[in-house]
Amino acid sequence: MSIQFIELRFKGRRQQVYVNRRDESFAIGDYAIVDADRGEDMGKVIHTGMLAEASTDEREKSFEVVRQAGPQDRMTLFRNRSREEDARRVCVQRIDSRKLDMKLVDVEMQFDGNKITFYFTAEKRIDFRELVKDLAATFKTRIELRQIGVRDEAKRLDGVGPCGKRLCCSEFLREFQPITLKMARDQHLALSPNKISGVCGRLMCCLAYERGMYVETLRRFPRIGSRVRSKSVEGKAIKADIFTETVLVRTSEGEEHRLELEELIEEMRDGKWVPRKKPPARN
C-alpha cells in the first residue's frame, strides 16, 4: 500500500503536510485531527495525493493524521476561536501594563488546548519572560510567544493587494523569497515606494513573478543609454517597450523617435559600432 499524504491549512494561513497512514478518505474541505506539539491539532484539507506529496519534505514526513474530524470536533474548534479572543484581550492588557514595545498580531490555540501561541511584531528583540509567566498563570497551559516580521503579519491577517486581488502570501505562497529593487529596475518599473510596495510596507512579492521573462526578452534590446542607429536615425536609446518591441531613441538635436527593434542595425559598444542581430520574426 502506497503512503498517502494530505496538506492542511490552519489559522493564519499556516500550512503543513501530514502522512495518512490510516488510509482514511479525505476530500478537499474536510477537517482532520493530526499530531501536534505534545498533543493534537485540527486543520482543513487543501490538498490530497500527489499535490500534497509534492509540497512535503523529509522533516514533515514524520507528522501523521490521527483521524477525520467530526461535528463535535468542529464545535471544539469554534469554542477555541472564542477563547482566542479572550486570550488576546488579556495579552494586550499585560503588554500595556508591563510597557513592552511590541504589537500583538494574532493568537492561535492548539485544538486540544495544550498550547496557546501569541504572534507579535517588534522593532527589536523583546524580553517577554515575565509576560509568559503572566499568561501561563492565567490560562494554565503552555504559552509560546513568537516574533514575526511584517510580511508574516500580512499573511496571517489576510487582505487585498493594490491589484485588487487577495494577497499572494495568504492565497498560495508557502515561503517568502527575497525581493530587491533590482527586480523592479529589470522590469523598468517606476521606483516609487507607493507603486511597488505591498500592504505590509515591503516590496511586493509579485515583482519576482515576471522578472525572468523581462530579463530574457530585454537581452534582444539595446542597453538603455547606449547609442544606436537605424538607416535613418542615430541617437541614444532611452526606453525599451518589450510588448510593442520598440525602442525610444533621442537624437543629438533632442528629437525623439520610436523605432521598431528590427529597424536598428547597429549599437555602439566600447566606442565601436557593432551590428545588431536581427530579432526573430513575430508569430
# chains A, B, ... in the order shown; residues from 1 in each chain; ligands from 1
$ select_by_dssp --residues "region 89-141 of chain A" --states "strand (DSSP E or B)" --output "PyMOL selection string"
chain A and resi 103-109+115-121
$ write_last_selection --atoms "N, CA and C atoms" --output "short mmCIF file (atom, residue, chain, number, x, y, z; two decimals), in the first residue's frame"
data_model
loop_
_atom_site.label_atom_id
_atom_site.label_comp_id
_atom_site.auth_asym_id
_atom_site.auth_seq_id
_atom_site.Cartn_x
_atom_site.Cartn_y
_atom_site.Cartn_z
N LYS A 103 3.75 44.64 19.37
CA LYS A 103 2.37 44.69 18.85
C LYS A 103 1.86 43.26 18.69
N LEU A 104 0.79 42.94 19.39
CA LEU A 104 0.19 41.61 19.28
C LEU A 104 -0.56 41.52 17.94
N VAL A 105 -0.23 40.49 17.15
CA VAL A 105 -0.82 40.33 15.82
C VAL A 105 -1.95 39.31 15.82
N ASP A 106 -1.71 38.15 16.42
CA ASP A 106 -2.71 37.08 16.36
C ASP A 106 -2.49 36.11 17.50
N VAL A 107 -3.54 35.36 17.81
CA VAL A 107 -3.48 34.33 18.86
C VAL A 107 -4.02 33.04 18.26
N GLU A 108 -3.31 31.94 18.49
CA GLU A 108 -3.74 30.65 17.96
C GLU A 108 -3.67 29.60 19.06
N MET A 109 -4.81 28.97 19.34
CA MET A 109 -4.87 27.93 20.35
C MET A 109 -4.85 26.56 19.69
N LYS A 115 -1.64 24.21 24.17
CA LYS A 115 -0.71 25.30 23.90
C LYS A 115 -1.45 26.47 23.28
N ILE A 116 -1.04 27.69 23.67
CA ILE A 116 -1.53 28.91 23.03
C ILE A 116 -0.32 29.66 22.50
N THR A 117 -0.36 30.01 21.22
CA THR A 117 0.74 30.75 20.59
C THR A 117 0.30 32.19 20.34
N PHE A 118 1.11 33.13 20.80
CA PHE A 118 0.86 34.56 20.59
C PHE A 118 1.88 35.08 19.59
N TYR A 119 1.39 35.59 18.47
CA TYR A 119 2.27 36.12 17.43
C TYR A 119 2.35 37.64 17.57
N PHE A 120 3.56 38.18 17.52
CA PHE A 120 3.71 39.63 17.68
C PHE A 120 4.82 40.16 16.79
N THR A 121 4.78 41.46 16.55
CA THR A 121 5.86 42.15 15.84
C THR A 121 6.50 43.15 16.79
#
$ residues_around --residues "region 47-54 of chain A" --least-positions-apart "6" --cutoff "10 Å" --atoms "only C-alpha atoms" --output "list in words"
Ile3, Gln4, Phe5, Ile6, Glu7, Leu8, Arg9, Gln16, Val17, Tyr18, Val19, Asn20, Ser25, Phe26, Ala27, Ile28, Gly29 and Lys61 of chain A
$ write_last_selection --atoms "C-alpha atoms" --output "PDB file, in the first residue's frame"
ATOM      1  CA  ILE A   3       1.732   6.115   1.618  1.00  0.00           C
ATOM      2  CA  GLN A   4      -0.899   8.832   1.255  1.00  0.00           C
ATOM      3  CA  PHE A   5      -0.390  12.497   2.106  1.00  0.00           C
ATOM      4  CA  ILE A   6      -2.761  15.355   2.847  1.00  0.00           C
ATOM      5  CA  GLU A   7      -1.954  19.050   3.255  1.00  0.00           C
ATOM      6  CA  LEU A   8      -3.816  21.016   5.916  1.00  0.00           C
ATOM      7  CA  ARG A   9      -4.327  24.721   6.464  1.00  0.00           C
ATOM      8  CA  GLN A  16       1.658  21.600   6.675  1.00  0.00           C
ATOM      9  CA  VAL A  17       1.693  18.159   5.073  1.00  0.00           C
ATOM     10  CA  TYR A  18       0.784  15.022   7.052  1.00  0.00           C
ATOM     11  CA  VAL A  19       1.109  11.295   6.421  1.00  0.00           C
ATOM     12  CA  ASN A  20      -2.217   9.497   6.158  1.00  0.00           C
ATOM     13  CA  SER A  25     -10.628   9.019   2.895  1.00  0.00           C
ATOM     14  CA  PHE A  26     -10.277  12.809   2.740  1.00  0.00           C
ATOM     15  CA  ALA A  27     -11.691  15.329   0.284  1.00  0.00           C
ATOM     16  CA  ILE A  28     -10.805  18.992  -0.169  1.00  0.00           C
ATOM     17  CA  GLY A  29     -12.567  20.969   2.549  1.00  0.00           C
ATOM     18  CA  LYS A  61       7.002  13.015   6.757  1.00  0.00           C
TER      19      LYS A  61
END
$ residues_around --residues "region 124-128 of chain A" --least-positions-apart "4" --cutoff "10 Å" --atoms "only C-alpha atoms" --output "list in words"
Ile95, Arg98, Leu100, Asp101, Met102, Val132, Lys133, Asp134, Leu145 and Gln147 of chain A
$ closest_residue --among "A:Thr138, A:Ser170, A:Gln68, A:Asn114" --to "Lys11 (chain A)" --atoms "only C-alpha atoms"
A:Ser170
$ residues_around --residues "Cys169 (chain A)" --least-positions-apart "6" --cutoff "9 Å" --atoms "only C-alpha atoms" --output "list of chain:residue names"
A:Arg13, A:Arg151, A:Asp152, A:Ala154, A:Lys155, A:Arg156, A:Asp158, A:Glu175, A:Phe176, A:Cys205
$ closest_residue --among "A:Leu189, A:Tyr209, A:Val92, A:Leu203" --to "Asp241 (chain A)" --atoms "only C-alpha atoms"
A:Leu189
$ residues_around --residues "Arg258 (chain A)" --least-positions-apart "2" --cutoff "8 Å" --atoms "only C-alpha atoms" --output "list in words"
Thr246, Val247, Leu248, Val249, Glu256 and Glu260 of chain A
$ closest_residue --among "A:Val228, A:Arg250, A:Val233, A:Glu144" --to "Glu266 (chain A)" --atoms "only C-alpha atoms"
A:Val228
$ closest_residue --among "A:Gln15, A:Met75, A:Tyr31, A:Ala137" --to "Arg174 (chain A)" --atoms "only C-alpha atoms"
A:Gln15
$ residues_around --residues "Ala208 (chain A)" --least-positions-apart "4" --cutoff "12 Å" --atoms "only C-alpha atoms" --output "number ranges by chain"
A: 168, 176-187, 196, 203-204, 212-215
$ write_last_selection --atoms "C-alpha atoms" --output "PDB file, in the first residue's frame"
ATOM      1  CA  CYS A 168      -0.441  36.289  -2.688  1.00  0.00           C
ATOM      2  CA  PHE A 176       8.785  34.228   1.219  1.00  0.00           C
ATOM      3  CA  GLN A 177      11.709  34.862  -1.100  1.00  0.00           C
ATOM      4  CA  PRO A 178      13.975  37.919  -1.055  1.00  0.00           C
ATOM      5  CA  ILE A 179      12.624  40.784  -3.178  1.00  0.00           C
ATOM      6  CA  THR A 180      15.016  43.526  -4.299  1.00  0.00           C
ATOM      7  CA  LEU A 181      14.839  46.853  -6.098  1.00  0.00           C
ATOM      8  CA  LYS A 182      16.819  45.280  -8.931  1.00  0.00           C
ATOM      9  CA  MET A 183      13.752  43.199  -9.765  1.00  0.00           C
ATOM     10  CA  ALA A 184      11.788  46.417 -10.292  1.00  0.00           C
ATOM     11  CA  ARG A 185      14.598  48.006 -12.311  1.00  0.00           C
ATOM     12  CA  ASP A 186      14.864  44.933 -14.543  1.00  0.00           C
ATOM     13  CA  GLN A 187      11.184  45.433 -15.447  1.00  0.00           C
ATOM     14  CA  ILE A 196       5.990  48.798  -5.731  1.00  0.00           C
ATOM     15  CA  LEU A 203       8.443  45.310  -1.818  1.00  0.00           C
ATOM     16  CA  MET A 204       5.621  43.345  -3.457  1.00  0.00           C
ATOM     17  CA  GLY A 212      12.738  36.212 -15.690  1.00  0.00           C
ATOM     18  CA  MET A 213      10.678  36.930 -18.799  1.00  0.00           C
ATOM     19  CA  TYR A 214      11.703  40.589 -18.787  1.00  0.00           C
ATOM     20  CA  VAL A 215      15.402  39.799 -18.347  1.00  0.00           C
TER      21      VAL A 215
END
$ closest_residue --among "A:Ile33, A:Leu207, A:Ile46, A:Leu259" --to "Gln72 (chain A)" --atoms "only C-alpha atoms"
A:Ile33
$ atom_distance --atom1 "CA of Glu40 (chain A)" --atom2 "CA of Glu84 (chain A)"
17.0 Å
$ residues_around --residues "Ser226 (chain A)" --least-positions-apart "3" --cutoff "6 Å" --atoms "only C-alpha atoms" --output "JSON, numbers by chain"
{"A": [223, 236, 237]}
$ closest_residue --among "A:Ile224, A:Ser97, A:Glu64, A:Met268" --to "Arg21 (chain A)" --atoms "only C-alpha atoms"
A:Glu64
$ select_by_dssp --residues "region 188-235 of chain A" --states "alpha helix (DSSP H)" --output "PyMOL selection string"
chain A and resi 193-196+211-218
$ atom_distance --atom1 "CA of Glu234 (chain A)" --atom2 "CA of Thr217 (chain A)"
23.0 Å
$ atom_distance --atom1 "CA of Pro71 (chain A)" --atom2 "CA of Phe172 (chain A)"
27.9 Å
